[in-house]
>>> print(open('run_0.csv').read())   # CSV, C-alpha atoms and all ligand atoms
chain,number,residue,atom,x,y,z
A,110,MET,CA,-20.4,-29.4,-6.9
A,111,THR,CA,-21.5,-25.8,-7.0
A,112,ILE,CA,-19.7,-22.6,-6.0
A,113,LYS,CA,-21.0,-19.1,-5.5
A,114,ILE,CA,-18.6,-16.2,-6.0
A,115,SER,CA,-19.3,-12.7,-4.6
A,116,SER,CA,-17.6,-9.4,-4.1
A,117,GLY,CA,-20.3,-7.3,-2.5
A,118,PHE,CA,-18.3,-6.2,0.5
A,119,PRO,CA,-15.7,-3.5,1.2
A,120,GLY,CA,-12.7,-3.9,-1.0
A,121,GLY,CA,-14.4,-6.6,-3.1
A,122,ASN,CA,-13.4,-6.9,-6.8
A,123,ILE,CA,-13.9,-9.7,-9.3
A,124,LEU,CA,-15.3,-10.5,-12.7
A,125,ILE,CA,-16.6,-14.0,-13.2
A,126,ARG,CA,-16.0,-15.3,-16.8
A,127,GLY,CA,-17.2,-18.8,-16.2
A,128,VAL,CA,-17.9,-21.6,-13.6
A,129,ASN,CA,-17.6,-25.1,-14.9
A,130,GLY,CA,-17.7,-27.6,-12.0
A,131,ASN,CA,-14.6,-27.1,-10.0
A,132,ARG,CA,-13.0,-24.8,-12.6
A,133,ILE,CA,-13.6,-21.1,-12.2
A,134,GLU,CA,-12.5,-18.5,-14.7
A,135,LEU,CA,-11.9,-15.0,-13.3
A,136,SER,CA,-10.5,-11.6,-14.2
A,137,PRO,CA,-9.6,-8.5,-12.0
A,138,ASP,CA,-12.3,-5.9,-12.5
A,139,LEU,CA,-10.4,-2.9,-14.0
A,140,ARG,CA,-13.3,-0.4,-13.7
A,141,ASP,CA,-11.9,3.0,-14.6
A,142,SER,CA,-8.2,2.0,-14.9
A,143,SER,CA,-6.7,2.7,-18.3
A,144,ALA,CA,-4.2,-0.2,-18.1
A,145,MET,CA,-4.2,-3.8,-17.0
A,146,TRP,CA,-3.7,-4.2,-13.2
A,147,PHE,CA,-4.0,-7.1,-10.9
A,148,TYR,CA,-6.1,-6.3,-7.8
A,149,TRP,CA,-8.9,-8.7,-7.0
A,150,TYR,CA,-10.7,-9.9,-3.8
A,151,PHE,CA,-13.7,-12.2,-3.6
A,152,GLU,CA,-15.6,-14.6,-1.5
A,153,ALA,CA,-16.4,-18.2,-2.5
A,154,GLU,CA,-19.2,-20.1,-1.0
A,155,PHE,CA,-18.6,-23.9,-1.3
A,156,ASP,CA,-21.4,-26.4,-1.0
A,157,ALA,CA,-19.1,-29.5,-1.2
A,158,PRO,CA,-15.5,-30.3,-0.2
A,159,GLY,CA,-13.1,-30.9,-3.0
A,160,GLU,CA,-10.3,-29.4,-5.1
A,161,TYR,CA,-11.1,-26.2,-7.0
A,162,GLU,CA,-9.1,-24.4,-9.6
A,163,PHE,CA,-9.2,-20.6,-10.1
A,164,HIS,CA,-7.9,-19.4,-13.4
A,165,PHE,CA,-7.2,-15.8,-14.4
A,166,ASP,CA,-6.6,-14.4,-17.8
A,167,SER,CA,-3.9,-11.9,-16.8
A,168,SER,CA,-1.1,-11.6,-14.2
A,169,ALA,CA,-3.0,-12.0,-10.9
A,170,ILE,CA,-1.2,-14.2,-8.5
A,171,GLY,CA,1.8,-13.2,-6.4
A,172,THR,CA,4.7,-15.3,-5.3
A,173,ARG,CA,3.0,-16.8,-2.3
A,174,GLY,CA,-0.3,-17.6,-4.0
A,175,PRO,CA,-3.6,-16.0,-2.8
A,176,ALA,CA,-4.1,-14.7,0.7
A,177,ILE,CA,-6.9,-16.7,2.3
A,178,SER,CA,-9.3,-15.8,5.1
A,179,THR,CA,-11.9,-18.2,6.7
A,180,ASP,CA,-13.2,-15.5,9.2
A,181,GLY,CA,-14.7,-13.0,6.8
A,182,GLY,CA,-11.5,-11.1,6.2
A,183,GLN,CA,-10.3,-10.5,9.7
A,184,THR,CA,-7.2,-12.7,9.6
A,185,TRP,CA,-5.3,-13.9,6.6
A,186,LEU,CA,-2.7,-16.6,5.7
A,187,TRP,CA,-0.8,-17.0,2.4
A,188,GLY,CA,-2.4,-20.0,0.6
A,189,GLY,CA,0.2,-21.1,-1.9
A,190,GLY,CA,-1.3,-23.5,-4.4
A,191,LYS,CA,-0.1,-21.5,-7.4
A,192,LEU,CA,-0.9,-23.3,-10.6
A,193,GLU,CA,2.2,-23.9,-12.7
A,194,ASP,CA,0.8,-24.1,-16.1
A,195,SER,CA,-1.7,-21.2,-15.8
A,196,GLU,CA,-2.2,-17.9,-14.0
A,197,GLY,CA,-4.2,-19.1,-11.1
A,198,PHE,CA,-4.3,-21.2,-7.9
A,199,ARG,CA,-5.6,-24.5,-6.6
A,200,TYR,CA,-7.6,-24.7,-3.4
A,201,LEU,CA,-8.5,-27.8,-1.5
A,202,HIS,CA,-11.8,-27.2,0.3
A,203,ASP,CA,-12.1,-29.4,3.4
A,204,GLY,CA,-15.8,-28.7,3.8
A,205,LYS,CA,-15.5,-27.0,7.2
A,206,MET,CA,-16.1,-23.3,6.5
A,207,LYS,CA,-18.6,-22.8,3.7
A,208,LYS,CA,-17.4,-19.2,3.0
A,209,VAL,CA,-13.7,-18.5,2.2
A,210,ARG,CA,-12.3,-15.2,1.1
A,211,PHE,CA,-9.4,-15.0,-1.4
A,212,CYS,CA,-7.3,-11.9,-2.3
A,213,MET,CA,-4.2,-11.3,-4.3
A,214,GLY,CA,-2.6,-9.7,-1.2
A,215,ILE,CA,-3.5,-9.3,2.4
A,216,PRO,CA,-6.3,-6.6,2.4
A,217,TYR,CA,-6.4,-3.6,4.6
A,218,LEU,CA,-9.7,-1.6,4.8
A,219,GLN,CA,-11.3,1.0,7.0
A,220,GLU,CA,-12.5,-1.7,9.3
A,221,ASP,CA,-8.9,-2.8,9.9
A,222,TRP,CA,-7.9,0.7,10.7
A,223,GLN,CA,-10.9,1.1,13.1
A,224,ARG,CA,-9.7,-2.0,15.0
A,225,LEU,CA,-6.7,0.1,16.2
A,226,GLY,CA,-9.2,2.2,18.2
A,227,LEU,CA,-7.2,5.4,17.5
A,228,PRO,CA,-8.7,8.9,17.9
A,229,VAL,CA,-9.1,10.2,14.4
A,230,ALA,CA,-10.0,13.5,12.8
A,231,GLU,CA,-11.4,14.1,9.4
A,232,LEU,CA,-9.0,15.3,6.7
A,233,CYS,CA,-11.8,15.9,4.3
A,234,ARG,CA,-14.7,14.2,2.6
A,235,SER,CA,-14.1,11.9,-0.4
A,236,ARG,CA,-15.9,12.5,-3.7
A,237,ARG,CA,-18.4,9.8,-2.6
A,238,GLY,CA,-18.9,11.6,0.8
A,239,ARG,CA,-16.8,9.2,2.9
A,240,SER,CA,-14.9,10.6,5.9
A,241,VAL,CA,-11.1,10.5,5.1
A,242,GLU,CA,-9.1,9.8,8.2
A,243,LEU,CA,-6.3,12.0,9.6
A,244,PHE,CA,-4.5,10.7,12.6
A,245,THR,CA,-2.4,13.1,14.6
A,246,HIS,CA,-0.1,12.3,17.5
A,247,GLY,CA,1.8,14.7,19.7
A,248,ALA,CA,2.1,18.5,19.5
A,249,GLY,CA,5.9,19.1,19.3
A,250,PRO,CA,7.9,21.2,16.8
A,251,HIS,CA,9.4,18.3,14.7
A,252,LYS,CA,6.7,17.3,12.2
A,253,TYR,CA,6.4,14.1,10.2
A,254,PHE,CA,3.9,13.2,7.6
A,255,PHE,CA,3.1,9.7,6.3
A,256,SER,CA,0.5,8.6,3.8
A,257,ALA,CA,-0.6,5.4,2.0
A,258,ARG,CA,-3.0,4.3,-0.7
A,259,HIS,CA,-2.6,7.1,-3.3
A,260,HIS,CA,-3.0,3.9,-5.3
A,261,CYS,CA,-5.8,2.3,-3.5
A,262,CYS,CA,-4.9,-1.4,-4.2
A,263,GLU,CA,-1.5,-1.0,-2.4
A,264,MET,CA,-2.6,-2.4,0.9
A,265,ALA,CA,0.7,-3.7,2.3
A,266,ALA,CA,1.6,-0.1,2.9
A,267,ASN,CA,-1.0,0.2,5.7
A,268,TYR,CA,0.7,-2.4,7.8
A,269,VAL,CA,3.9,-0.4,7.6
A,270,ILE,CA,1.8,2.7,8.7
A,271,GLU,CA,0.6,0.7,11.7
A,272,GLY,CA,4.3,0.1,12.7
A,273,VAL,CA,5.1,3.8,12.4
A,274,ILE,CA,2.2,4.6,14.7
A,275,GLU,CA,3.2,1.9,17.3
A,276,ALA,CA,6.8,3.3,17.4
A,277,ALA,CA,5.7,6.9,17.5
A,278,ARG,CA,3.3,6.2,20.4
A,279,ARG,CA,6.1,4.6,22.4
A,280,ASP,CA,8.6,7.4,21.5
A,281,SER,CA,9.5,9.0,24.8
A,282,ARG,CA,10.6,12.4,23.5
A,283,PRO,CA,7.6,14.7,23.2
A,284,ASP,CA,9.2,17.0,20.7
A,285,PHE,CA,7.2,15.9,17.6
A,286,THR,CA,3.9,15.8,15.8
A,287,LEU,CA,3.0,12.9,13.6
A,288,PHE,CA,0.4,13.2,10.8
A,289,ILE,CA,-0.9,10.1,9.1
A,290,VAL,CA,-3.3,9.9,6.2
A,291,PRO,CA,-3.9,6.1,5.9
A,292,PHE,CA,-6.2,6.1,2.9
A,293,ALA,CA,-5.4,8.8,0.4
A,294,ASP,CA,-7.9,7.3,-2.1
A,295,LYS,CA,-10.6,6.4,0.4
A,296,ASP,CA,-13.4,5.6,-2.1
A,297,GLY,CA,-11.1,3.4,-4.1
A,298,VAL,CA,-10.0,1.4,-1.0
A,299,GLU,CA,-13.6,0.7,0.1
A,300,ASN,CA,-14.9,0.2,-3.4
A,301,GLY,CA,-12.2,-2.3,-4.2
A,302,ASP,CA,-10.8,-0.4,-7.2
A,303,GLN,CA,-7.4,-0.8,-8.8
A,304,GLY,CA,-6.8,2.9,-8.4
A,305,LYS,CA,-3.6,2.7,-10.3
A,306,ASN,CA,-3.9,4.4,-13.7
A,307,ARG,CA,-7.4,5.6,-12.9
A,308,LYS,CA,-8.7,7.9,-15.7
A,309,PRO,CA,-8.0,10.7,-16.3
A,310,HIS,CA,-5.2,10.3,-13.8
A,311,ASP,CA,-4.9,8.7,-10.4
A,312,HIS,CA,-4.5,10.2,-6.9
A,313,GLY,CA,-0.7,9.5,-7.2
A,314,ARG,CA,-0.4,11.8,-10.1
A,315,ASP,CA,-2.7,14.6,-8.9
A,316,TYR,CA,-0.3,17.0,-7.2
A,317,SER,CA,-0.8,20.2,-9.3
A,318,ASP,CA,-2.3,23.7,-8.9
A,319,GLU,CA,-5.8,22.2,-9.6
A,320,PRO,CA,-6.0,18.8,-8.0
A,321,ILE,CA,-9.2,16.9,-8.9
A,322,TYR,CA,-9.4,14.7,-5.8
A,323,PRO,CA,-10.4,16.3,-2.5
A,324,GLU,CA,-8.0,14.1,-0.5
A,325,VAL,CA,-5.1,15.5,-2.6
A,326,ARG,CA,-6.1,19.1,-2.1
A,327,ALA,CA,-6.5,18.5,1.6
A,328,ILE,CA,-3.1,16.8,1.9
A,329,MET,CA,-1.4,19.7,0.0
A,330,GLU,CA,-3.1,22.2,2.4
A,331,LEU,CA,-2.0,20.2,5.4
A,332,ILE,CA,1.6,20.0,4.3
A,333,LEU,CA,1.8,23.7,3.4
A,334,ARG,CA,0.3,24.6,6.7
A,335,GLU,CA,2.4,22.3,8.9
A,336,GLN,CA,5.6,22.2,7.0
A,337,PRO,CA,6.8,18.7,8.0
A,338,GLU,CA,10.5,18.0,7.9
A,339,VAL,CA,9.8,14.5,6.8
A,340,ILE,CA,7.2,13.4,4.2
A,341,VAL,CA,7.0,9.7,3.4
A,342,ASP,CA,4.5,8.3,0.9
A,343,LEU,CA,4.1,4.5,0.9
A,344,HIS,CA,3.4,2.4,-2.2
A,345,CYS,CA,3.5,-1.2,-3.4
A,346,PRO,CA,5.2,-2.1,-6.7
A,347,TRP,CA,4.1,-4.5,-9.4
A,348,LEU,CA,2.8,-7.9,-8.3
A,349,ARG,CA,5.9,-10.0,-8.6
A,350,GLY,CA,9.2,-10.7,-10.4
A,351,GLY,CA,11.5,-8.2,-12.2
A,352,ALA,CA,14.4,-6.3,-10.7
A,353,THR,CA,12.4,-4.2,-8.2
A,354,ASN,CA,9.2,-6.0,-7.2
A,355,GLU,CA,10.4,-8.2,-4.4
A,356,THR,CA,12.5,-5.8,-2.4
A,357,ILE,CA,11.7,-2.7,-0.3
A,358,TYR,CA,13.2,0.4,-1.9
A,359,ILE,CA,13.1,4.2,-2.1
A,360,VAL,CA,12.3,5.9,-5.4
A,361,GLY,CA,15.2,8.1,-6.5
A,362,VAL,CA,14.5,11.7,-7.6
A,363,GLU,CA,16.1,14.1,-10.0
A,364,PRO,CA,17.2,17.3,-8.2
A,365,TYR,CA,20.6,16.7,-6.7
A,366,ASP,CA,19.9,18.1,-3.2
A,367,ALA,CA,16.6,16.2,-2.8
A,368,GLN,CA,18.4,13.0,-3.9
A,369,LYS,CA,21.1,13.6,-1.3
A,370,ARG,CA,18.5,13.9,1.4
A,371,LEU,CA,17.1,10.5,0.3
A,372,GLU,CA,20.6,9.0,0.5
A,373,ARG,CA,21.1,10.4,4.0
A,374,PHE,CA,17.8,8.9,5.0
A,375,SER,CA,18.5,5.5,3.3
A,376,ALA,CA,21.8,5.3,5.2
A,377,LEU,CA,19.9,5.7,8.5
A,378,LEU,CA,17.1,3.3,7.5
A,379,GLU,CA,19.3,0.4,6.5
A,380,PRO,CA,20.8,-0.3,9.9
A,381,GLU,CA,17.5,0.4,11.7
A,382,SER,CA,15.8,-2.2,9.5
A,383,LYS,CA,18.3,-4.8,10.5
A,384,LYS,CA,17.6,-4.5,14.2
A,385,GLY,CA,15.4,-7.4,15.4
A,386,ASN,CA,13.6,-9.7,13.1
A,387,GLY,CA,12.2,-7.4,10.5
A,388,ILE,CA,12.4,-6.9,6.7
A,389,HIS,CA,15.8,-5.8,5.7
A,390,PHE,CA,16.1,-2.7,3.6
A,391,PHE,CA,19.2,-2.2,1.5
A,392,GLU,CA,20.2,1.2,0.2
A,393,SER,CA,21.6,-0.6,-2.8
A,394,ASP,CA,18.1,-1.7,-3.8
A,395,ASN,CA,17.0,1.9,-4.3
A,396,VAL,CA,16.0,2.8,-7.9
A,397,PRO,CA,17.8,6.0,-9.0
A,398,PHE,CA,15.9,8.5,-11.2
A,399,GLY,CA,16.4,7.7,-14.8
A,400,SER,CA,16.7,3.9,-14.4
A,401,LEU,CA,14.3,1.0,-14.8
A,402,TRP,CA,10.7,2.3,-14.6
A,403,ASN,CA,11.7,5.5,-12.7
A,404,THR,CA,12.0,7.9,-15.7
A,405,ARG,CA,10.4,11.1,-16.9
A,406,GLU,CA,7.8,9.1,-18.9
A,407,ASN,CA,6.4,7.6,-15.7
A,408,TYR,CA,5.3,11.1,-14.5
A,409,THR,CA,3.8,12.6,-17.6
A,410,GLN,CA,0.3,12.4,-16.1
A,411,GLY,CA,1.3,14.5,-13.1
A,412,LYS,CA,3.3,14.7,-9.9
A,413,THR,CA,3.3,12.4,-6.9
A,414,VAL,CA,3.1,13.9,-3.5
A,415,SER,CA,6.8,13.2,-3.1
A,416,LYS,CA,7.7,14.9,-6.4
A,417,TRP,CA,5.6,17.9,-5.5
A,418,ALA,CA,7.0,18.1,-2.0
A,419,ILE,CA,10.7,18.1,-2.9
A,420,GLY,CA,10.2,21.5,-4.4
A,421,LEU,CA,8.9,23.1,-1.2
A,422,PRO,CA,10.9,25.9,0.2
A,423,TRP,CA,11.8,24.4,3.6
A,424,LYS,CA,13.4,21.4,1.8
A,425,PRO,CA,11.8,18.5,3.5
A,426,LEU,CA,12.9,14.9,3.2
A,427,SER,CA,10.4,13.7,0.7
A,428,ALA,CA,10.4,10.0,0.0
A,429,SER,CA,8.3,7.4,-1.9
A,430,LEU,CA,8.9,3.9,-0.6
A,431,GLU,CA,7.8,0.7,-2.3
A,432,ILE,CA,6.7,-2.1,-0.1
A,433,PRO,CA,6.3,-5.5,-1.8
A,434,TYR,CA,3.0,-7.4,-1.7
A,435,ALA,CA,4.2,-10.9,-0.6
A,436,ASN,CA,7.9,-11.3,-0.2
A,437,ALA,CA,11.2,-9.4,0.1
A,438,SER,CA,13.8,-11.7,-1.5
A,439,ASP,CA,13.2,-15.1,0.2
A,440,GLN,CA,11.4,-13.6,3.2
A,441,THR,CA,7.6,-14.2,3.1
A,442,LEU,CA,5.9,-11.0,4.3
A,443,THR,CA,3.3,-10.8,7.0
A,444,PRO,CA,1.5,-8.0,8.8
A,445,GLU,CA,3.9,-8.5,11.7
A,446,LEU,CA,7.0,-8.0,9.5
A,447,TRP,CA,5.5,-5.0,7.7
A,448,ARG,CA,4.8,-3.4,11.2
A,449,THR,CA,8.4,-4.1,12.3
A,450,PHE,CA,9.6,-2.3,9.2
A,451,GLY,CA,7.3,0.6,10.0
A,452,GLN,CA,8.9,0.9,13.5
A,453,ALA,CA,12.4,1.0,11.8
A,454,LEU,CA,11.0,3.7,9.4
A,455,TRP,CA,10.0,5.8,12.4
A,456,ARG,CA,13.3,5.5,14.2
A,457,ALA,CA,15.2,6.4,10.9
A,458,ALA,CA,12.9,9.5,10.5
A,459,ARG,CA,13.7,10.6,14.0
A,460,LYS,CA,17.4,10.1,13.5
A,461,TYR,CA,17.2,12.1,10.2
A,462,THR,CA,15.7,15.2,12.0
A,463,ASP,CA,18.2,14.8,14.9
A,464,GLN,CA,21.2,15.3,12.6
B,501,ZN,ZN,1.6,3.3,-6.0
>>> encode(input="run_0.csv", output="structure tokens")
Amino acid sequence: MTIKISSGFPGGNILIRGVNGNRIELSPDLRDSSAMWFYWYFEAEFDAPGEYEFHFDSSAIGTRGPAISTDGGQTWLWGGGKLEDSEGFRYLHDGKMKKVRFCMGIPYLQEDWQRLGLPVAELCRSRRGRSVELFTHGAGPHKYFFSARHHCCEMAANYVIEGVIEAARRDSRPDFTLFIVPFADKDGVENGDQGKNRKPHDHGRDYSDEPIYPEVRAIMELILREQPEVIVDLHCPWLRGGATNETIYIVGVEPYDAQKRLERFSALLEPESKKGNGIHFFESDNVPFGSLWNTRENYTQGKTVSKWAIGLPWKPLSASLEIPYANASDQTLTPELWRTFGQALWRAARKYTDQ
């Protein structure tokens, strides 16, 4: 029984600590992150059917086990198979497809974005020279800005972005312009980095007078030039468990008027999310500033786009949303459900600017 593990493809990330028959010892590759994180994505090539066990030495498996793809990463299913006595999962290989991909969540890369076939402009070039996408739709006076992947491992956010785009393209009122930056840390997404807690600070803490990442500088310029009324930045929380990692929520802010705007938006989003068979958002799940992880200490490295934007003179709605990796309460999340939530997000944003 032999197995070959590789990660030499977009988004790939794994460290192999040992292979002993059907027992494989692995770690997430932290690269330039200053703290332990949990992103990994690898391909296994099996030469024989059988039961395999993949063991990690840190938190690495979400509530629905690994996501599994047998078509080279184009489609994914939650695999389950979580080991109970160890941080890892069990996989029964039936011998049909030699190569199987495994990831801690359902990946979303540039090639997934390209499958949408949207016309796209270049926001800027990344530090490694990659083209960073800017999608614009419409040319009306009400302006909306959405971004994802300031922390590059937070891929569930992109399926929500797809739903926002679907709903905006069907929106019959031509009075708006939508701006989307799907990959705020483009290099990190394609290289398969954690991104979170990148040294000296990550893209999500770079909103200052002298940003070090070209994407951040370009987003700041875009927002200052276009002055969107709504600015929504999408994130994913920790891998699982705890009070806040298995629900969708909005991150509360400190200034009273900015927090009031978030509350007005939350009150619009909750009923929109309950239309149809989507993921339900509850305003009561929001994490107020000063509670749980959302304290001043969390932002000592710098400002997020949302924290920076709440201080802008035209007083936009500036919201950070957290989208779980695998489940919202007892609901197992899928690309379809994330997209449905994105549609609700768009409708709520429109209602917000109508008021
Ligand atoms: Zn994040």
>>> residues_around(input="run_0.csv", residues="Asp156 in chain A", least_positions_apart="3", cutoff="10 Å", atoms="all atoms listed in the file", output="count of residues only")
11
>>> closest_residue(input="run_0.csv", among="A:Ile332, A:Ala367, A:Val229, A:Val269", to="Leu454 in chain A", atoms="only C-alpha atoms")
A:Val269
>>> atom_distance(input="run_0.csv", atom1="CA of Ala276 in chain A", atom2="CA of Lys412 in chain A")
29.8 Å
>>> closest_atom_pairs(input="run_0.csv", of="chain A", to="ligand ZN 501 (chain B)", cutoff="8 Å", atoms="all atoms listed in the file", output="Markdown table")
| residue | atom | partner | partner_atom | distance |
| --- | --- | --- | --- | --- |
| A:Arg258 | CA | B:ZN501 | ZN | 7.1 |
| A:His259 | CA | B:ZN501 | ZN | 6.3 |
| A:His260 | CA | B:ZN501 | ZN | 4.7 |
| A:Cys261 | CA | B:ZN501 | ZN | 7.9 |
| A:Glu263 | CA | B:ZN501 | ZN | 6.4 |
| A:Lys305 | CA | B:ZN501 | ZN | 6.8 |
| A:Gly313 | CA | B:ZN501 | ZN | 6.7 |
| A:Leu343 | CA | B:ZN501 | ZN | 7.4 |
| A:His344 | CA | B:ZN501 | ZN | 4.3 |
| A:Cys345 | CA | B:ZN501 | ZN | 5.5 |
| A:Pro346 | CA | B:ZN501 | ZN | 6.5 |
| A:Glu431 | CA | B:ZN501 | ZN | 7.7 |
>>> residues_near_point(input="run_0.csv", point="(16.9, -6.2, -12.9)", cutoff="12 Å", atoms="only C-alpha atoms", output="NGL selection string")
:A and (350-356 or 394-396 or 400-402)
>>> residues_around(input="run_0.csv", residues="range 279-281 of chain A", least_positions_apart="6", cutoff="10 Å", atoms="all atoms listed in the file", output="list in words")
Trp455, Arg456 and Arg459 of chain A
>>> atom_distance(input="run_0.csv", atom1="CA of Arg210 in chain A", atom2="CA of Val241 in chain A")
26.0 Å
>>> closest_residue(input="run_0.csv", among="A:Asn407, A:Ser256, A:Ser136, A:Gln303", to="Leu243 in chain A", atoms="only C-alpha atoms")
A:Ser256
>>> build_atoms(input="run_0.csv", residues="range 354-365 of chain A", atoms="N, CA and C atoms", output="mmCIF file, in the coordinates of the input")
data_model
loop_
_atom_site.group_PDB
_atom_site.id
_atom_site.type_symbol
_atom_site.label_atom_id
_atom_site.label_comp_id
_atom_site.auth_asym_id
_atom_site.auth_seq_id
_atom_site.Cartn_x
_atom_site.Cartn_y
_atom_site.Cartn_z
ATOM 1 N N ASN A 354 10.475 -5.701 -7.798
ATOM 2 C CA ASN A 354 9.200 -6.000 -7.200
ATOM 3 C C ASN A 354 9.178 -6.845 -5.970
ATOM 4 N N GLU A 355 10.350 -7.308 -5.603
ATOM 5 C CA GLU A 355 10.400 -8.200 -4.400
ATOM 6 C C GLU A 355 11.469 -7.703 -3.447
ATOM 7 N N THR A 356 11.648 -6.374 -3.393
ATOM 8 C CA THR A 356 12.500 -5.800 -2.400
ATOM 9 C C THR A 356 11.833 -4.435 -1.958
ATOM 10 N N ILE A 357 12.155 -4.000 -0.745
ATOM 11 C CA ILE A 357 11.700 -2.700 -0.300
ATOM 12 C C ILE A 357 12.735 -1.667 -0.910
ATOM 13 N N TYR A 358 12.249 -0.578 -1.466
ATOM 14 C CA TYR A 358 13.200 0.400 -1.900
ATOM 15 C C TYR A 358 12.605 1.824 -1.940
ATOM 16 N N ILE A 359 13.509 2.787 -2.051
ATOM 17 C CA ILE A 359 13.100 4.200 -2.100
ATOM 18 C C ILE A 359 13.292 4.641 -3.576
ATOM 19 N N VAL A 360 12.326 5.415 -4.041
ATOM 20 C CA VAL A 360 12.300 5.900 -5.400
ATOM 21 C C VAL A 360 13.209 7.104 -5.555
ATOM 22 N N GLY A 361 14.253 7.001 -6.329
ATOM 23 C CA GLY A 361 15.200 8.100 -6.500
ATOM 24 C C GLY A 361 14.539 9.299 -7.212
ATOM 25 N N VAL A 362 15.084 10.493 -6.966
ATOM 26 C CA VAL A 362 14.500 11.700 -7.600
ATOM 27 C C VAL A 362 15.609 12.457 -8.341
ATOM 28 N N GLU A 363 15.158 13.459 -9.085
ATOM 29 C CA GLU A 363 16.100 14.100 -10.000
ATOM 30 C C GLU A 363 16.921 15.234 -9.392
ATOM 31 N N PRO A 364 16.319 16.177 -8.649
ATOM 32 C CA PRO A 364 17.200 17.300 -8.200
ATOM 33 C C PRO A 364 18.265 16.731 -7.214
ATOM 34 N N TYR A 365 19.461 17.260 -7.385
ATOM 35 C CA TYR A 365 20.600 16.700 -6.700
ATOM 36 C C TYR A 365 20.438 16.830 -5.151
#
